[in-house]
Amino acid sequence: MTHPLSGFLEVDESARTVRHYRYAVERMMRILGGWIALTPELSVKLLLGRHVWDNAQHADLWGKRLPELRAAAQVSEPANARLVAFMDALEAAEAPGETIERVVGVYRVLKPQLLATYEAHLASANAVYEPPTCRILTRGIDDERRHVAAGETILRHLLRTPALETRARAAEASLWALLEAAGGVTGAGPLARASVTGATAAPLSDDAREFIRLEQATGAWPIAPELAAALGAFGDALATGDPEGARRWLEPAVETGPDLQGRLLAARGGGHRVVAFARVGQQRLVKLQFDGGAVVKLQLDGGAESLTLLLRWVLTGAGWRVAALEPVVASAAQTA
Amino acid sequence: MERLIAYDKLAREDRLVRMRAREVAQLKVDQGLPPFPDLLSRDSIKERVHGIMVGELQAMEGAGRSVYDFPDTPWEFTMDMARQVWDESRHVEIYVRLLEHLDGYIGEFPETTILWRCACAEDAAARVAGVNRGLEGLACDVFNQLVHIARKMGDPILERAVDYVLADEITHVRMGSKWLARLTEGDPERRRRAVEFQETIDERFNLGGIRREGEHDAVPISIATEARREGGFTDEEIARLIRTTQRSAVY
């Protein structure tokens, strides 16, 4: 039987491990915070927004533990240069279309490995003289289990096609290899990855299924039948390469210009759909996407080139007409 | 990751239509409508709530950027900003749910990025002055009035939820007051620039006389004097703000 006062880490080693934890957690927290503005999907923004504070508290707890281990407070130290390289690679996914890489990197690679490390540490920590560390580990384990489960829920929502699944697997493999080369967050390797099967249900405020529901709450656009007909006819005219047919839906004062005319012609052959529907007073803004959107954001996917038009519709004596149109950047249409 | 990102890097789902604030205001004026939604009907309250929802979204994003952009600030500063991210993310959820409560939907009105533009100061002291004292101070004004209107119209859901958000916002203003002082301690020039930045934001969000001193029912946005005091504004600062509302340019 093991002696109750036997342990596996010297005090100095324990402090070093805590600094390694703090490095991983602090840097992850800063990355999550920075990504929120760069991520289009509301569900993911909410996920990241919730977890920044949990991880800040973990970093703070680790930082406050350090002086109790004869070390300077609130200091982070990477386990090695390879771990820094891993974090750099994780952080690099900053384009709007890289949400999958972001979520996979944190929720399928870093957090599961951190969780497994915490669990292993807790299992071997001395129960008599290390309770201050054990309390922090327990808090971290509870939160990270919840985070990983929430991340998985969001990924099931994001990974809608086999191609996206493939992307996710590739990102995971690439980042896992880097983390493995570093020996994990403590540099001690070999790596384990915690499973969160059977994690307890999250409270409403942290329930990722709710984040998804809120993201999807819009439902059908409340488009008046006459406007829907006008939109359909306008979109059909562009999609069938009939600019004159489309022109009749424009107010006389609307100038399309040669550049836009060219882009409209490139939309020929695609389908179209409304991707945004807003209002300013009695006017309607539609994003129309060709095989994509309309404020009425109107998006046009004409083969390789995707076009989204932002249309401002006004009700005139002759019915609904476009008072302004402009191509807009399709930001998150192809989310993730 | 790039630090200090430009306003147009803000990532959005396609369902949100982004427009310049002045363009939206002009479209309304052209239709004989007030440039800023009043609180006289359920529909205008819905529009106000939508505007607040996107404001909370930008506040969450801004606080997140402060966590990332300023790794060399004191750790307690990062902790406050991280806490603010969490608060704002819950506020986004609250306002999305309030939109549902009001039969609205995300994207029903255009999003303007005027708040976010104000959050793009490169110096942490200026950002915290502009965002936590300028914009969150504005939030106190708007929410305080919304609580009053909700109570008057008998909507306890709106009243209670917004009142809790208001309590958080006062905390954020307090954080701003604290960090403006600490980050500029011994550096009067830095403080002067930060305060100046905040004042330009205050001036801008007086909205050409829309925000002013007065009863909740009498003015479009009433200055929340008491909430501002709780957040650390001095009587002199509040008096100065009131004075500026009397000379602000048209929005």
# chains A, B, ... in the order shown; residues from 1 in each chain; ligands from 1

$ interface_residues --of "chain B" --to "chain A" --cutoff "7 Å" --atoms "only C-alpha atoms" --output "list of chain:residue names"
B:Met1, B:Lys9, B:Leu10, B:Ala11, B:Arg12, B:Glu13, B:Asp14, B:Arg15, B:Leu16, B:Val17, B:Lys28, B:Glu61, B:Gly64, B:Arg65, B:Val67, B:Tyr68, B:Met79, B:Ala82, B:Arg83, B:Val85, B:Trp86, B:Ser89, B:Tyr105, B:Ile106, B:Gly107, B:Glu108, B:Phe109, B:Pro110

$ residues_around --residues "segment 126-142 of chain A" --least-positions-apart "4" --cutoff "6 Å" --atoms "only C-alpha atoms" --output "list in words"
Gly7, Leu115, Tyr118 and Leu122 of chain A

$ select_by_dssp --residues "segment 56-279 of chain A" --states "alpha helix (DSSP H)" --output "ChimeraX atom specification"
/A:56-65,81-91,99-104,111-124,131-158,162-182,208-215,225-239,243-247,257-266

$ closest_residue --among "B:Thr171, B:Gln246, B:Thr73, B:Gln84" --to "Cys140 of chain B" --atoms "only C-alpha atoms"
B:Thr171

$ residues_around --residues "Arg193 of chain A" --least-positions-apart "5" --cutoff "9 Å" --atoms "only C-alpha atoms" --output "PDB file with N, CA and C atoms, in the first residue's frame"
ATOM      1  N   ARG A 108     -11.284  19.721 -29.810  1.00  0.00           N
ATOM      2  CA  ARG A 108     -10.966  18.309 -30.063  1.00  0.00           C
ATOM      3  C   ARG A 108      -9.491  18.002 -29.826  1.00  0.00           C
ATOM      4  N   VAL A 109      -8.696  19.047 -29.673  1.00  0.00           N
ATOM      5  CA  VAL A 109      -7.264  18.799 -29.483  1.00  0.00           C
ATOM      6  C   VAL A 109      -6.798  19.346 -28.128  1.00  0.00           C
ATOM      7  N   LEU A 110      -6.786  20.665 -28.003  1.00  0.00           N
ATOM      8  CA  LEU A 110      -6.165  21.245 -26.801  1.00  0.00           C
ATOM      9  C   LEU A 110      -6.940  20.914 -25.521  1.00  0.00           C
ATOM     10  N   LYS A 111      -8.222  21.185 -25.519  1.00  0.00           N
ATOM     11  CA  LYS A 111      -8.973  20.970 -24.274  1.00  0.00           C
ATOM     12  C   LYS A 111      -9.029  19.490 -23.866  1.00  0.00           C
ATOM     13  N   PRO A 112      -9.273  18.563 -24.789  1.00  0.00           N
ATOM     14  CA  PRO A 112      -9.261  17.153 -24.361  1.00  0.00           C
ATOM     15  C   PRO A 112      -7.905  16.714 -23.805  1.00  0.00           C
ATOM     16  N   GLN A 113      -6.810  17.255 -24.367  1.00  0.00           N
ATOM     17  CA  GLN A 113      -5.497  16.857 -23.854  1.00  0.00           C
ATOM     18  C   GLN A 113      -5.247  17.501 -22.493  1.00  0.00           C
ATOM     19  N   LEU A 114      -5.648  18.757 -22.365  1.00  0.00           N
ATOM     20  CA  LEU A 114      -5.515  19.435 -21.071  1.00  0.00           C
ATOM     21  C   LEU A 114      -6.350  18.706 -20.012  1.00  0.00           C
ATOM     22  N   LEU A 115      -7.545  18.326 -20.390  1.00  0.00           N
ATOM     23  CA  LEU A 115      -8.430  17.616 -19.461  1.00  0.00           C
ATOM     24  C   LEU A 115      -7.816  16.287 -19.023  1.00  0.00           C
ATOM     25  N   ALA A 116      -7.286  15.548 -19.978  1.00  0.00           N
ATOM     26  CA  ALA A 116      -6.660  14.263 -19.634  1.00  0.00           C
ATOM     27  C   ALA A 116      -5.474  14.481 -18.695  1.00  0.00           C
ATOM     28  N   THR A 117      -4.736  15.550 -18.940  1.00  0.00           N
ATOM     29  CA  THR A 117      -3.577  15.852 -18.082  1.00  0.00           C
ATOM     30  C   THR A 117      -4.032  16.206 -16.669  1.00  0.00           C
TER      31      THR A 117
END

$ closest_residue --among "A:Phe234, A:Trp176, A:Phe290, A:Tyr107" --to "Val196 of chain A" --atoms "only C-alpha atoms"
A:Tyr107

$ select_by_dssp --residues "segment 60-295 of chain A" --states "strand (DSSP E)" --output "number ranges by chain"
A: 272-280, 283-289

$ closest_residue --among "B:Ala125, B:Lys152, B:Val131, B:Ala227" --to "Leu180 of chain B" --atoms "only C-alpha atoms"
B:Ala125

$ atom_distance --atom1 "atom CA of Asp155 of chain B" --atom2 "atom CA of Leu98 of chain B"
11.0 Å

$ closest_residue --among "A:Arg16, A:His147, A:Arg321, A:Arg213" --to "Thr200 of chain A" --atoms "only C-alpha atoms"
A:His147

$ decode --residues "segment 180-208 of chain A" --atoms "N, CA and C atoms" --output "mmCIF file, in the first residue's frame"
data_model
loop_
_atom_site.group_PDB
_atom_site.id
_atom_site.type_symbol
_atom_site.label_atom_id
_atom_site.label_comp_id
_atom_site.auth_asym_id
_atom_site.auth_seq_id
_atom_site.Cartn_x
_atom_site.Cartn_y
_atom_site.Cartn_z
ATOM 1 N N GLU A 180 1.487 16.515 -29.936
ATOM 2 C CA GLU A 180 2.188 15.281 -29.567
ATOM 3 C C GLU A 180 3.705 15.520 -29.578
ATOM 4 N N ALA A 181 4.161 16.234 -30.582
ATOM 5 C CA ALA A 181 5.595 16.531 -30.671
ATOM 6 C C ALA A 181 6.062 17.350 -29.468
ATOM 7 N N ALA A 182 5.137 18.160 -28.934
ATOM 8 C CA ALA A 182 5.483 18.984 -27.765
ATOM 9 C C ALA A 182 5.414 18.185 -26.469
ATOM 10 N N GLY A 183 4.825 17.019 -26.533
ATOM 11 C CA GLY A 183 4.637 16.249 -25.304
ATOM 12 C C GLY A 183 3.456 16.747 -24.483
ATOM 13 N N GLY A 184 2.513 17.437 -25.133
ATOM 14 C CA GLY A 184 1.322 17.929 -24.434
ATOM 15 C C GLY A 184 1.574 19.231 -23.705
ATOM 16 N N VAL A 185 0.591 19.659 -22.944
ATOM 17 C CA VAL A 185 0.687 20.990 -22.324
ATOM 18 C C VAL A 185 1.781 21.061 -21.268
ATOM 19 N N THR A 186 2.180 19.924 -20.704
ATOM 20 C CA THR A 186 3.266 19.953 -19.716
ATOM 21 C C THR A 186 4.589 19.508 -20.319
ATOM 22 N N GLY A 187 4.563 19.080 -21.559
ATOM 23 C CA GLY A 187 5.782 18.607 -22.213
ATOM 24 C C GLY A 187 6.208 17.222 -21.755
ATOM 25 N N ALA A 188 5.393 16.587 -20.932
ATOM 26 C CA ALA A 188 5.782 15.301 -20.339
ATOM 27 C C ALA A 188 5.382 14.104 -21.192
ATOM 28 N N GLY A 189 4.422 14.281 -22.128
ATOM 29 C CA GLY A 189 3.971 13.177 -22.982
ATOM 30 C C GLY A 189 3.990 11.833 -22.269
ATOM 31 N N PRO A 190 3.599 10.727 -22.829
ATOM 32 C CA PRO A 190 2.829 10.647 -24.071
ATOM 33 C C PRO A 190 1.410 11.180 -23.866
ATOM 34 N N LEU A 191 0.772 11.468 -24.982
ATOM 35 C CA LEU A 191 -0.495 12.166 -24.880
ATOM 36 C C LEU A 191 -1.676 11.249 -24.682
ATOM 37 N N ALA A 192 -2.598 11.708 -23.894
ATOM 38 C CA ALA A 192 -3.908 11.065 -23.790
ATOM 39 C C ALA A 192 -4.949 12.129 -24.087
ATOM 40 N N ARG A 193 -6.094 11.646 -24.478
ATOM 41 C CA ARG A 193 -7.174 12.574 -24.794
ATOM 42 C C ARG A 193 -8.392 12.133 -23.995
ATOM 43 N N ALA A 194 -8.931 13.019 -23.197
ATOM 44 C CA ALA A 194 -10.054 12.628 -22.339
ATOM 45 C C ALA A 194 -11.332 12.507 -23.153
ATOM 46 N N SER A 195 -12.142 11.554 -22.766
ATOM 47 C CA SER A 195 -13.467 11.422 -23.369
ATOM 48 C C SER A 195 -14.472 12.048 -22.413
ATOM 49 N N VAL A 196 -15.491 12.677 -22.949
ATOM 50 C CA VAL A 196 -16.491 13.296 -22.072
ATOM 51 C C VAL A 196 -17.844 12.619 -22.235
ATOM 52 N N THR A 197 -17.835 11.392 -22.706
ATOM 53 C CA THR A 197 -19.092 10.662 -22.847
ATOM 54 C C THR A 197 -19.775 10.617 -21.485
ATOM 55 N N GLY A 198 -21.052 10.923 -21.512
ATOM 56 C CA GLY A 198 -21.808 10.883 -20.266
ATOM 57 C C GLY A 198 -21.610 12.116 -19.401
ATOM 58 N N ALA A 199 -21.081 13.205 -20.004
ATOM 59 C CA ALA A 199 -20.929 14.448 -19.237
ATOM 60 C C ALA A 199 -22.298 14.927 -18.774
ATOM 61 N N THR A 200 -22.329 15.517 -17.591
ATOM 62 C CA THR A 200 -23.613 15.974 -17.059
ATOM 63 C C THR A 200 -24.164 17.111 -17.904
ATOM 64 N N ALA A 201 -25.504 17.228 -17.896
ATOM 65 C CA ALA A 201 -26.155 18.249 -18.709
ATOM 66 C C ALA A 201 -25.743 19.639 -18.236
ATOM 67 N N ALA A 202 -25.537 20.529 -19.221
ATOM 68 C CA ALA A 202 -25.135 21.901 -18.884
ATOM 69 C C ALA A 202 -26.366 22.692 -18.458
ATOM 70 N N PRO A 203 -26.182 23.676 -17.573
ATOM 71 C CA PRO A 203 -27.300 24.560 -17.249
ATOM 72 C C PRO A 203 -27.686 25.378 -18.482
ATOM 73 N N LEU A 204 -28.880 25.932 -18.466
ATOM 74 C CA LEU A 204 -29.404 26.637 -19.647
ATOM 75 C C LEU A 204 -28.414 27.681 -20.175
ATOM 76 N N SER A 205 -27.797 28.396 -19.273
ATOM 77 C CA SER A 205 -26.901 29.477 -19.690
ATOM 78 C C SER A 205 -25.653 28.967 -20.412
ATOM 79 N N ASP A 206 -25.318 27.693 -20.222
ATOM 80 C CA ASP A 206 -24.113 27.135 -20.853
ATOM 81 C C ASP A 206 -24.437 26.023 -21.839
ATOM 82 N N ASP A 207 -25.692 25.898 -22.204
ATOM 83 C CA ASP A 207 -26.112 24.782 -23.042
ATOM 84 C C ASP A 207 -25.875 25.128 -24.521
ATOM 85 N N ALA A 208 -24.946 24.417 -25.137
ATOM 86 C CA ALA A 208 -24.604 24.718 -26.531
ATOM 87 C C ALA A 208 -25.792 24.477 -27.465
#
